[in-house]
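Source file: model.txt. Holds: compact mmCIF, C-alpha atoms.
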```txt
# COMPACT_ATOMS: atom_id res chain seq x y z
CA MET A 680 0.00 0.00 0.00
CA ALA A 681 1.32 3.43 -0.91
CA SER A 682 2.27 5.73 1.98
CA PRO A 683 0.36 8.98 2.58
CA LYS A 684 3.56 10.95 1.83
CA LYS A 685 3.76 9.39 -1.63
CA HIS A 686 0.12 10.30 -2.25
CA TYR A 687 0.84 13.83 -1.10
CA THR A 688 3.78 14.12 -3.49
CA VAL A 689 1.74 12.83 -6.42
CA ILE A 690 -1.06 15.27 -5.63
CA VAL A 691 1.39 18.20 -5.48
CA VAL A 692 2.94 17.21 -8.82
CA VAL A 693 -0.48 16.87 -10.46
CA VAL A 694 -1.56 20.24 -9.05
CA PHE A 695 1.57 21.97 -10.41
CA VAL A 696 1.14 20.37 -13.84
CA ILE A 697 -2.54 21.42 -13.95
CA ILE A 698 -1.64 24.99 -12.90
CA SER A 699 1.07 25.12 -15.60
CA LEU A 700 -1.35 23.94 -18.26
CA THR A 701 -3.98 26.40 -17.01
CA ILE A 702 -1.57 29.35 -17.21
CA PHE A 703 -0.57 28.32 -20.72
CA SER A 704 -4.17 27.98 -21.90
CA LEU A 705 -5.28 31.20 -20.13
CA ASN A 706 -2.94 33.05 -22.47
CA PHE A 707 -5.20 32.23 -25.38
CA LYS A 708 -8.53 32.80 -23.65
CA SER A 709 -7.95 35.82 -21.44
CA PRO A 710 -4.31 36.93 -21.07
CA GLU A 711 -5.24 39.80 -18.75
CA ARG A 712 -6.14 37.38 -15.94
CA MET A 713 -2.52 36.68 -15.08
CA SER A 714 -1.36 40.23 -15.71
CA PHE A 715 -1.46 41.25 -12.04
CA PHE A 716 1.27 38.77 -11.08
CA ARG A 717 3.28 39.57 -14.20
CA LYS A 718 3.15 43.28 -13.34
CA ILE A 719 4.54 42.58 -9.88
CA VAL A 720 7.44 40.62 -11.37
CA LEU A 721 8.11 43.37 -13.95
CA GLU A 722 8.13 46.01 -11.20
CA ALA A 723 10.61 43.96 -9.19
CA VAL A 724 12.91 43.00 -12.03
CA VAL A 725 13.42 46.33 -13.82
CA PRO A 726 15.23 48.12 -10.93
CA LEU A 727 17.26 44.95 -10.31
CA GLU A 728 18.26 44.68 -13.94
CA GLY A 729 19.06 48.37 -14.07
CA ALA A 730 21.28 48.07 -10.99
CA VAL A 731 23.04 44.90 -12.17
CA ASP A 732 23.51 46.38 -15.62
CA SER A 733 25.07 49.61 -14.34
CA ALA A 734 27.19 47.74 -11.77
CA PHE A 735 28.41 45.37 -14.42
CA SER A 736 29.20 48.22 -16.78
CA SER A 737 31.24 49.90 -14.02
CA VAL A 738 33.16 46.68 -13.29
CA THR A 739 33.95 46.09 -16.94
CA GLY A 740 34.97 49.74 -17.19
CA VAL A 741 37.29 49.41 -14.20
CA TRP A 742 38.74 46.21 -15.65
CA LYS A 743 39.40 47.87 -18.96
CA ARG A 744 40.88 51.01 -17.43
CA TYR A 745 42.92 49.87 -14.44
CA VAL A 746 43.60 46.17 -14.08
CA LEU A 747 45.62 46.02 -17.27
CA LEU A 748 47.89 48.72 -15.88
CA VAL A 749 49.01 46.67 -12.85
CA GLY A 750 52.66 45.57 -13.11
CA LEU A 751 54.21 48.71 -14.53
CA GLU A 752 57.28 50.21 -12.90
CA ARG A 753 56.87 52.24 -9.73
CA LYS A 754 58.31 55.49 -11.14
CA ASN A 755 55.68 55.49 -13.86
CA ARG A 756 52.76 54.92 -11.49
CA ASP A 757 51.93 58.56 -10.86
CA LEU A 758 51.94 59.22 -14.53
CA GLU A 759 49.88 56.12 -15.20
CA THR A 760 47.36 57.16 -12.55
CA LYS A 761 47.10 60.55 -14.17
CA ILE A 762 46.64 58.98 -17.58
CA ALA A 763 44.09 56.54 -16.18
CA SER A 764 42.21 59.38 -14.54
CA LEU A 765 42.26 61.40 -17.74
CA THR A 766 41.28 58.34 -19.73
CA ARG A 767 38.37 57.76 -17.38
CA ASP A 768 37.28 61.36 -17.72
CA ALA A 769 37.66 61.20 -21.49
CA SER A 770 35.72 57.95 -21.57
CA ASN A 771 32.98 59.50 -19.44
CA TYR A 772 32.84 62.56 -21.69
CA ARG A 773 32.80 60.35 -24.77
CA GLU A 774 29.96 58.33 -23.27
CA MET A 775 28.12 61.54 -22.41
CA SER A 776 28.72 62.85 -25.90
CA LEU A 777 27.35 59.67 -27.42
CA ASP A 778 24.36 59.82 -25.05
CA CYS A 779 23.82 63.42 -26.09
CA ALA A 780 24.03 62.55 -29.79
CA ARG A 781 21.58 59.70 -29.34
CA LEU A 782 19.16 61.81 -27.35
CA ARG A 783 19.46 64.66 -29.88
CA LYS A 784 18.65 62.20 -32.62
CA LEU A 785 15.70 60.98 -30.60
CA MET A 786 14.58 64.57 -30.03
CA ASN A 787 14.72 65.17 -33.78
CA ILE A 788 12.50 62.15 -34.28
CA LYS A 789 10.36 63.48 -31.49
CA ASN A 790 10.01 66.82 -33.27
CA ASP A 791 8.83 65.04 -36.39
CA PHE A 792 5.80 63.71 -34.55
CA LYS A 793 2.78 65.72 -33.63
CA LEU A 794 1.97 62.97 -31.15
CA PRO A 795 3.15 63.07 -27.55
CA THR A 796 6.02 60.75 -26.78
CA VAL A 797 7.98 59.58 -23.78
CA ALA A 798 11.67 58.61 -23.87
CA ALA A 799 12.74 55.47 -22.02
CA ARG A 800 15.93 53.51 -21.43
CA VAL A 801 16.26 49.84 -22.27
CA VAL A 802 17.25 48.03 -19.07
CA GLY A 803 16.86 44.38 -19.92
CA LYS A 804 17.45 42.56 -23.16
CA ASN A 805 17.96 38.94 -23.96
CA ARG A 806 19.30 39.20 -27.47
CA SER A 807 20.05 35.53 -27.97
CA SER A 808 16.60 34.32 -26.97
CA VAL A 809 14.07 33.01 -29.47
CA PHE A 810 11.53 35.46 -28.07
CA LYS A 811 12.49 38.99 -29.07
CA THR A 812 11.51 41.28 -26.23
CA VAL A 813 13.19 44.04 -24.19
CA LEU A 814 12.33 45.76 -20.91
CA ILE A 815 12.23 49.55 -20.50
CA ASN A 816 12.18 51.68 -17.35
CA LYS A 817 8.90 53.53 -18.00
CA GLY A 818 5.37 52.31 -17.41
CA THR A 819 1.79 53.36 -16.73
CA ALA A 820 3.04 56.14 -14.42
CA ASP A 821 4.34 57.89 -17.57
CA GLY A 822 1.15 57.26 -19.54
CA ILE A 823 2.30 54.12 -21.34
CA LYS A 824 -0.33 51.54 -22.17
CA THR A 825 -0.33 48.14 -23.79
CA GLY A 826 -0.20 48.32 -27.59
CA PHE A 827 1.53 51.71 -27.84
CA PRO A 828 4.07 51.93 -30.70
CA VAL A 829 7.76 52.22 -29.85
CA MET A 830 10.41 53.97 -31.94
CA GLY A 831 14.13 53.35 -31.83
CA MET A 832 16.78 55.50 -33.45
CA GLY A 833 15.79 55.58 -37.09
CA GLY A 834 12.60 53.60 -37.13
CA VAL A 835 9.96 51.46 -35.51
CA ALA A 836 11.25 49.15 -32.76
CA GLY A 837 8.03 47.38 -31.84
CA ARG A 838 5.07 47.85 -29.57
CA ILE A 839 4.32 47.70 -25.85
CA MET A 840 3.32 44.19 -24.97
CA GLU A 841 2.89 44.48 -21.24
CA THR A 842 3.20 47.31 -18.81
CA SER A 843 3.31 47.89 -15.06
CA ARG A 844 3.69 51.13 -13.10
CA ASN A 845 7.39 51.72 -13.80
CA ALA A 846 8.30 49.10 -16.36
CA SER A 847 7.16 47.87 -19.74
CA LYS A 848 7.96 44.98 -22.02
CA ILE A 849 8.37 45.68 -25.74
CA LEU A 850 7.58 43.10 -28.37
CA LEU A 851 10.21 43.84 -31.01
CA LEU A 852 9.18 43.93 -34.65
CA VAL A 853 11.44 40.94 -35.43
CA ASP A 854 9.57 38.60 -33.06
CA TYR A 855 7.47 35.91 -34.71
CA ASN A 856 4.38 37.22 -32.91
CA SER A 857 4.76 40.72 -34.33
CA ASN A 858 2.53 41.70 -37.27
CA ILE A 859 2.46 45.27 -38.60
CA ASP A 860 0.35 46.65 -41.43
CA VAL A 861 2.78 48.36 -43.82
CA LEU A 862 3.18 50.08 -47.20
CA ILE A 863 5.97 50.12 -49.74
CA GLN A 864 6.65 53.86 -49.84
CA ARG A 865 7.41 54.03 -53.59
CA ASN A 866 4.28 52.41 -54.98
CA ARG A 867 1.95 52.36 -51.92
CA CYS A 868 1.67 48.60 -52.17
CA GLN A 869 0.23 47.20 -48.93
CA GLY A 870 1.22 44.11 -46.94
CA VAL A 871 1.69 42.69 -43.47
CA LEU A 872 5.18 42.69 -41.96
CA ARG A 873 5.80 39.67 -39.77
CA GLY A 874 8.90 39.17 -37.63
CA CYS A 875 11.22 36.29 -38.49
CA GLY A 876 13.58 36.31 -35.49
CA SER A 877 17.21 36.46 -36.48
CA PHE A 878 16.26 36.53 -40.17
CA GLY A 879 14.73 40.02 -39.83
CA CYS A 880 11.18 40.43 -41.12
CA GLU A 881 9.03 39.08 -43.91
CA LEU A 882 6.55 41.14 -45.89
CA LYS A 883 3.50 38.99 -46.51
CA TYR A 884 0.45 39.12 -48.75
CA VAL A 885 2.03 41.20 -51.53
CA GLN A 886 0.69 39.98 -54.86
CA ARG A 887 3.01 38.66 -57.55
CA SER A 888 1.94 41.38 -59.94
CA GLU A 889 3.17 44.17 -57.63
CA ASP A 890 6.45 45.86 -58.52
CA VAL A 891 8.68 45.53 -55.45
CA LYS A 892 12.44 46.07 -55.66
CA THR A 893 15.37 45.56 -53.34
CA GLY A 894 15.99 48.79 -51.45
CA ASP A 895 12.37 49.92 -51.42
CA VAL A 896 11.47 51.73 -48.21
CA VAL A 897 8.80 50.16 -46.01
CA VAL A 898 6.65 52.41 -43.79
CA SER A 899 3.69 51.83 -41.49
CA SER A 900 0.31 52.14 -43.19
CA GLY A 901 -1.62 53.34 -40.15
CA LEU A 902 -4.50 51.06 -41.09
CA ALA A 903 -4.46 48.70 -38.12
CA GLY A 904 -4.72 51.61 -35.70
CA VAL A 905 -1.63 50.69 -33.70
CA PHE A 906 1.16 52.49 -35.58
CA PRO A 907 0.65 56.01 -36.94
CA ARG A 908 0.94 56.31 -40.72
CA GLY A 909 4.36 56.83 -42.32
CA LEU A 910 6.77 55.60 -39.64
CA LEU A 911 9.94 54.17 -41.13
CA ILE A 912 10.17 50.43 -40.63
CA GLY A 913 12.92 49.17 -42.91
CA LYS A 914 14.10 48.41 -46.40
CA VAL A 915 13.38 45.53 -48.74
CA ALA A 916 16.43 43.24 -48.67
CA ALA A 917 15.33 40.50 -51.07
CA VAL A 918 12.41 39.71 -53.35
CA GLU A 919 11.57 36.20 -54.53
CA LYS A 920 8.80 35.29 -56.94
CA GLU A 921 8.15 31.58 -56.74
CA GLU A 922 6.69 29.82 -59.76
CA ALA A 923 3.53 28.87 -57.94
CA GLY A 924 1.57 30.94 -55.46
CA LEU A 925 -0.28 34.23 -55.34
CA PHE A 926 2.21 36.20 -53.31
CA GLN A 927 5.86 37.23 -53.41
CA LYS A 928 8.39 36.32 -50.75
CA ILE A 929 9.87 39.61 -49.54
CA THR A 930 12.54 39.93 -46.86
CA VAL A 931 12.79 43.25 -45.02
CA HIS A 932 15.68 44.49 -42.91
CA PRO A 933 14.54 46.71 -40.01
CA ALA A 934 15.76 50.31 -40.07
CA ILE A 935 16.94 50.08 -36.49
CA ASN A 936 19.66 47.86 -35.08
CA ILE A 937 17.74 45.68 -32.64
CA THR A 938 20.86 44.45 -30.87
CA ARG A 939 22.02 47.98 -30.05
CA LEU A 940 18.76 49.35 -28.75
CA GLU A 941 19.55 51.59 -25.76
CA GLU A 942 16.93 54.34 -25.75
CA VAL A 943 13.46 54.32 -27.23
CA LEU A 944 10.54 56.67 -27.71
CA VAL A 945 7.09 55.42 -26.83
CA ILE A 946 4.34 57.14 -28.80
CA LEU A 947 1.53 57.95 -26.42
CA GLU A 948 -1.33 57.37 -28.73
CA GLU A 949 -4.71 55.88 -27.92
CA LYS A 950 -5.59 52.95 -30.12
CA GLU A 951 -8.41 53.57 -32.54
CA ASP A 952 -11.40 51.33 -32.46
CA ASN A 953 -11.19 50.46 -36.12
CA GLU A 954 -8.52 47.82 -35.43
CA MET B 648 9.31 26.86 4.86
CA ILE B 649 12.15 29.35 4.58
CA TYR B 650 13.12 27.67 1.30
CA TYR B 651 9.78 28.66 -0.24
CA LEU B 652 10.10 32.22 1.10
CA LEU B 653 13.57 32.68 -0.35
CA LEU B 654 12.73 30.95 -3.60
CA PRO B 655 11.21 33.97 -5.43
CA VAL B 656 14.05 36.28 -4.37
CA PHE B 657 16.75 33.83 -5.39
CA SER B 658 14.98 33.06 -8.68
CA LEU B 659 14.62 36.73 -9.52
CA LEU B 660 18.30 37.37 -8.81
CA LEU B 661 19.39 34.39 -10.86
CA LEU B 662 17.27 35.40 -13.84
CA THR B 663 18.43 39.01 -13.62
CA ILE B 664 22.04 37.85 -13.76
CA GLN B 665 21.20 35.46 -16.58
CA VAL B 666 19.47 38.11 -18.67
CA THR B 667 21.85 41.02 -18.06
CA VAL B 668 25.35 39.78 -17.25
CA PHE B 669 25.50 36.81 -19.58
CA ASP B 670 23.96 38.82 -22.39
CA VAL B 671 26.76 41.38 -22.04
CA LEU B 672 29.47 38.72 -21.71
CA SER B 673 28.36 36.93 -24.86
CA PHE B 674 27.77 40.19 -26.79
CA GLY B 675 24.23 38.97 -27.44
CA LYS B 676 25.51 36.28 -29.78
CA THR B 677 24.59 33.33 -27.62
CA GLY B 678 23.09 32.61 -24.25
CA LEU B 679 23.55 30.48 -21.18
CA GLU B 680 20.26 29.36 -19.66
CA ILE B 681 21.40 28.86 -16.06
CA SER B 682 17.77 28.61 -15.00
CA LEU B 683 17.35 25.48 -17.12
CA ILE B 684 20.54 23.96 -15.70
CA LEU B 685 19.13 24.63 -12.22
CA VAL B 686 15.85 22.92 -13.16
CA ILE B 687 17.80 19.84 -14.33
CA TYR B 688 19.87 19.94 -11.14
CA ALA B 689 16.64 20.11 -9.13
CA GLY B 690 15.38 17.05 -10.98
CA PHE B 691 18.44 15.10 -9.89
CA TYR B 692 19.10 16.31 -6.38
CA LEU B 693 16.08 18.08 -4.85
CA SER B 694 12.88 16.55 -3.52
CA ILE B 695 9.94 16.50 -5.91
CA ILE B 696 8.00 19.21 -4.09
CA ARG B 697 10.94 21.59 -3.69
CA GLY B 698 12.07 20.95 -7.25
CA ILE B 699 8.73 21.42 -8.91
CA ALA B 700 8.13 24.63 -6.93
CA LEU B 701 11.53 25.92 -8.07
CA SER B 702 10.85 24.99 -11.70
CA PHE B 703 7.44 26.63 -11.57
CA VAL B 704 8.72 29.89 -10.08
CA LEU B 705 11.70 30.09 -12.45
CA GLY B 706 9.46 29.40 -15.44
CA PHE B 707 6.89 31.96 -14.36
CA PHE B 708 9.49 34.68 -13.80
CA LEU B 709 11.20 33.94 -17.11
CA ASP B 710 7.81 34.18 -18.80
CA CYS B 711 7.32 37.59 -17.22
CA ILE B 712 10.77 38.88 -18.10
CA THR B 713 11.41 37.59 -21.61
CA GLY B 714 8.46 35.45 -22.66
CA VAL B 715 6.10 36.33 -25.48
CA ILE B 716 3.68 33.49 -24.87
CA PRO B 717 2.81 33.49 -21.17
CA GLY B 718 2.96 30.04 -19.64
CA PHE B 719 5.42 28.54 -22.09
CA PHE B 720 8.43 28.55 -19.78
CA VAL B 721 6.31 27.42 -16.81
CA LEU B 722 5.09 24.41 -18.74
CA SER B 723 8.42 23.53 -20.32
CA TYR B 724 10.40 23.89 -17.05
CA VAL B 725 7.92 21.74 -15.13
CA LEU B 726 8.08 19.13 -17.91
CA ILE B 727 11.88 19.14 -18.00
CA PHE B 728 11.97 18.87 -14.20
CA LEU B 729 9.66 15.83 -14.27
CA ILE B 730 11.74 14.22 -17.04
CA SER B 731 14.95 14.86 -15.06
CA LYS B 732 13.35 13.42 -11.93
CA GLY B 733 12.22 10.36 -13.88
CA VAL B 734 15.71 9.86 -15.30
CA SER B 735 17.34 10.39 -11.89
CA LEU B 736 15.28 7.52 -10.46
CA LYS B 737 16.57 5.17 -13.17
CA VAL B 738 20.17 6.32 -13.61
CA TYR B 739 22.65 5.98 -10.79
CA ALA B 740 25.94 6.83 -12.51
CA ARG B 741 25.91 10.61 -12.87
CA GLY B 742 29.34 11.55 -14.09
CA VAL B 743 30.45 14.67 -15.87
CA VAL B 744 29.83 13.19 -19.31
CA PHE B 745 26.31 12.20 -18.34
CA THR B 746 25.60 15.71 -16.97
CA ILE B 747 26.90 17.33 -20.16
CA GLY B 748 24.95 14.96 -22.41
CA PHE B 749 21.71 15.18 -20.46
CA THR B 750 21.81 19.00 -20.27
CA PHE B 751 22.51 19.12 -24.02
CA VAL B 752 19.45 16.95 -24.70
CA CYS B 753 17.24 18.97 -22.32
CA VAL B 754 18.13 22.29 -24.01
CA LEU B 755 17.36 20.78 -27.40
CA PHE B 756 14.09 19.43 -25.99
CA GLU B 757 13.12 22.93 -24.81
CA LYS B 758 13.84 24.35 -28.29
CA PHE B 759 11.88 21.49 -29.82
CA LEU B 760 8.91 22.50 -27.64
CA ILE B 761 9.18 26.05 -29.00
CA ILE B 762 9.17 24.75 -32.59
CA LEU B 763 6.21 22.50 -31.79
CA MET B 764 4.31 25.32 -30.11
CA TYR B 765 4.75 27.76 -33.01
CA ARG B 766 3.89 25.06 -35.53
CA GLY B 767 0.86 23.82 -33.62
CA LEU B 768 -0.59 27.10 -32.40
CA TYR B 769 0.32 29.60 -35.09
CA GLY B 770 1.30 27.46 -38.08
CA ILE B 771 4.70 29.21 -38.22
CA ASN B 772 7.82 27.23 -39.06
CA VAL B 773 10.66 28.51 -36.87
CA PHE B 774 12.82 25.41 -37.27
CA TYR B 775 15.64 26.99 -39.29
CA ASP B 776 15.82 30.08 -37.08
CA ILE B 777 15.89 28.01 -33.90
CA LEU B 778 18.34 25.47 -35.34
CA SER B 779 20.93 28.18 -35.84
CA ILE B 780 20.92 29.16 -32.17
CA SER B 781 19.74 26.07 -30.31
CA LEU B 782 22.73 23.86 -31.10
CA LEU B 783 25.12 26.51 -29.79
CA HIS B 784 22.91 27.08 -26.73
CA ALA B 785 22.83 23.34 -26.04
CA VAL B 786 26.59 22.95 -26.41
CA ILE B 787 27.33 25.91 -24.12
CA ALA B 788 24.81 24.77 -21.50
CA GLY B 789 26.25 21.25 -21.65
CA ILE B 790 29.83 22.44 -21.21
CA PHE B 791 28.99 24.68 -18.26
CA ALA B 792 26.52 22.29 -16.61
CA PRO B 793 29.06 20.34 -14.47
CA ALA B 794 30.48 23.58 -13.05
CA PHE B 795 27.00 24.90 -12.26
CA PHE B 796 25.98 21.55 -10.76
CA ALA B 797 28.97 21.83 -8.41
CA LEU B 798 28.06 25.42 -7.56
CA PHE B 799 24.40 24.59 -6.92
CA HIS B 800 25.43 21.63 -4.79
CA ARG B 801 27.65 23.87 -2.68
CA LEU B 802 24.86 26.44 -2.32
CA GLU B 803 22.41 23.71 -1.37
CA VAL B 804 24.75 22.39 1.33
CA LEU B 805 25.30 25.91 2.68
CA PHE B 806 21.58 26.56 2.71
CA ASN B 807 20.82 23.27 4.45
CA VAL B 808 23.43 23.95 7.12
CA TRP B 809 22.11 27.47 7.63
CA GLU B 810 18.53 26.19 7.78
CA ALA B 811 19.46 23.51 10.32
CA ARG B 812 21.40 25.94 12.54
CA SER B 813 18.78 28.65 12.41
CA PRO B 814 17.29 28.74 15.97
CA ASP B 815 13.91 30.08 15.01
CA ARG B 816 13.24 28.02 11.95
CA LEU B 817 10.14 29.01 10.06
```

Any chance you could put this one into structure tokens?
Amino acid sequence: MASPKKHYTVIVVVVFVIISLTIFSLNFKSPERMSFFRKIVLEAVVPLEGAVDSAFSSVTGVWKRYVLLVGLERKNRDLETKIASLTRDASNYREMSLDCARLRKLMNIKNDFKLPTVAARVVGKNRSSVFKTVLINKGTADGIKTGFPVMGMGGVAGRIMETSRNASKILLLVDYNSNIDVLIQRNRCQGVLRGCGSFGCELKYVQRSEDVKTGDVVVSSGLAGVFPRGLLIGKVAAVEKEEAGLFQKITVHPAINITRLEEVLVILEEKEDNE
Amino acid sequence: MIYYLLLPVFSLLLLTIQVTVFDVLSFGKTGLEISLILVIYAGFYLSIIRGIALSFVLGFFLDCITGVIPGFFVLSYVLIFLISKGVSLKVYARGVVFTIGFTFVCVLFEKFLIILMYRGLYGINVFYDILSISLLHAVIAGIFAPAFFALFHRLEVLFNVWEARSPDRL
């Protein structure tokens, strides 16, 4: 006869498996049900990631600047310290200058919009993951809501997937779950841009008869109600017309460098109901 | 009880390090899923209840931090934990080669679940995209698994000693 402890263990295992399956299936029925717990985790993780990220950057900076200098002759130490100090200052100024250039660029983009925007810093990214998402340090407290479009330097980065008070998760445009209604700028040909992970993006539902060329600029169409019309998304990288089939196979390279995303602009725009 | 209280904090710290530090170290080219190695370790060395709770919490947090499809990591981590537990009951010789090989297979299994999920739920074929990164992920996780197993074992011993010595145990 099985002991009560064994029964207890089996029950616990079954309960955990059922809960796991329930969470997974809830995603398809009503994803908002679990959002409370997810928001708590987001709130907790963003400051942690920010702190670890900055601490790690400092450590790597110290390693680069000082540790390699250990072992030089004593009489050169003062000079080396001076150089190190100056190097550190120069590095800081260079970093500040780059920050300034990036922010200026963002401000220029900002000026192009009539819509209100909020700038945010990317604090967590898992670039090697299959799921292409990043965390930013702004949330509902700054007016951000789920579904809001996000711009990087030069073009669309994605849209807000989940948000808590001080943190948000962005679904990048290269993720397989991302679909954006777009236009080819040159001939106004419409299609749906779907993310393809590390392969970039694929422009779907463009008829064979349409004239699409490598290098054509792709912009948002504004039709789905999520992205405002005319935002730069990328350029056509390759066009293939298979012998059979109604549509062309078009590969698009995003305008922004997803792996170097550091600051973003979230467009504070209410979604239209025509979606 | 204190194990279950510390579990969320420890899990959050581990995932933060995994997502930030290892992403920087690898320049975003590859990844080391320490959380998955921990789940496999739990399957071999922790009790079922402690292990499944750990797998569940790690999976849930990873879903919150990087997941696109909520519940995927919870389900896959719990599954991998149960598989590891099942294997641990049958296999007694757990050398370095076995640890490397089993971790390699588990990482590939997780990627296979992703392919299956996209194919089954959305009709999207992500095989070629995943293939390019999953083999490297599996190799790296396999190589580092023995070192992390040793580290987790040390942490577990330290925790057990601390728990046993604690006068006002919860």

Next item on the list: Between B:Thr663, B:Thr746, B:Ser731, B:Ser682, single out the one closest to Pro793 of chain B, counting all atoms listed in the file.
Entry: B:Thr746

Check: Once you count all atoms listed in the file, which residues end up no further than 9 Å from (11.8, 17.5, -10.9) in the file's frame, shown as a list of chain:residue names?
Finding: B:Val686, B:Ile687, B:Tyr688, B:Ala689, B:Gly690, B:Phe691, B:Tyr692, B:Leu693, B:Ser694, B:Ile695, B:Ile696, B:Arg697, B:Gly698, B:Ile699, B:Ala700, B:Leu701, B:Ser702, B:Tyr724, B:Val725, B:Leu726, B:Ile727, B:Phe728, B:Leu729, B:Ile730, B:Ser731, B:Lys732, B:Gly733

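Considering the residues B:Leu802, B:Ile747, B:Ile712, B:Ala788 and counting all atoms listed in the file, Ser847 of chain A has its shortest atom-to-atom contact with B:Ile712.
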
Note to self: Just want the 12 Å neighbourhood of Ile790 of chain B, counted on all atoms listed in the file, with same-chain residues fewer than 3 positions away dropped. Output as a ChimeraX atom specification.
What the structure shows: /B:679-681,684,743-751,783-787,793-796

Next item on the list: To one decimal in Å, tell me the separation between atom CA of Val813 of chain A and atom CA of Thr677 of chain B.
Entry: 16.0 Å

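Relative to atom CA of Leu850 of chain A, atom CA of Gly837 of chain A is found at 5.5 Å.
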
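Between atom CA of Lys914 of chain A and atom CA of Thr930 of chain A the interatomic distance comes to 8.6 Å.
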
Item checked: Exercise answer, chain B residues close to chain A, 8 Å and all atoms listed in the file, as a count of residues only -> 34

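Proximity to Leu763 of chain B was assessed for B:Ser723, B:Ser658, B:Tyr651, B:His800 counting only C-alpha atoms; the smallest distance is recorded for B:Ser723.
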
How big is the axis-aligned box around the listed atoms of segment 694-699 of chain B once 6 Å is added on each side, and where is its centre? Give both in Å to one decimal, as AutoDock Vina command-line options.
```
--center_x 10.4 --center_y 19.0 --center_z -6.2 --size_x 16.9 --size_y 17.1 --size_z 17.4
```

Next item on the list: Neighbourhood query: residues within 10 Å of (17.9, 47.4, -33.8), file coordinates, counting all atoms listed in the file; return as number ranges by chain.
Entry: A: 831-836, 851-853, 932-941

Check: Of the residues A:Thr893, A:Gln927, A:Gln869, A:Gln864, which is the one nearest to Leu911 of chain A, using only C-alpha atoms?
Finding: A:Gln864
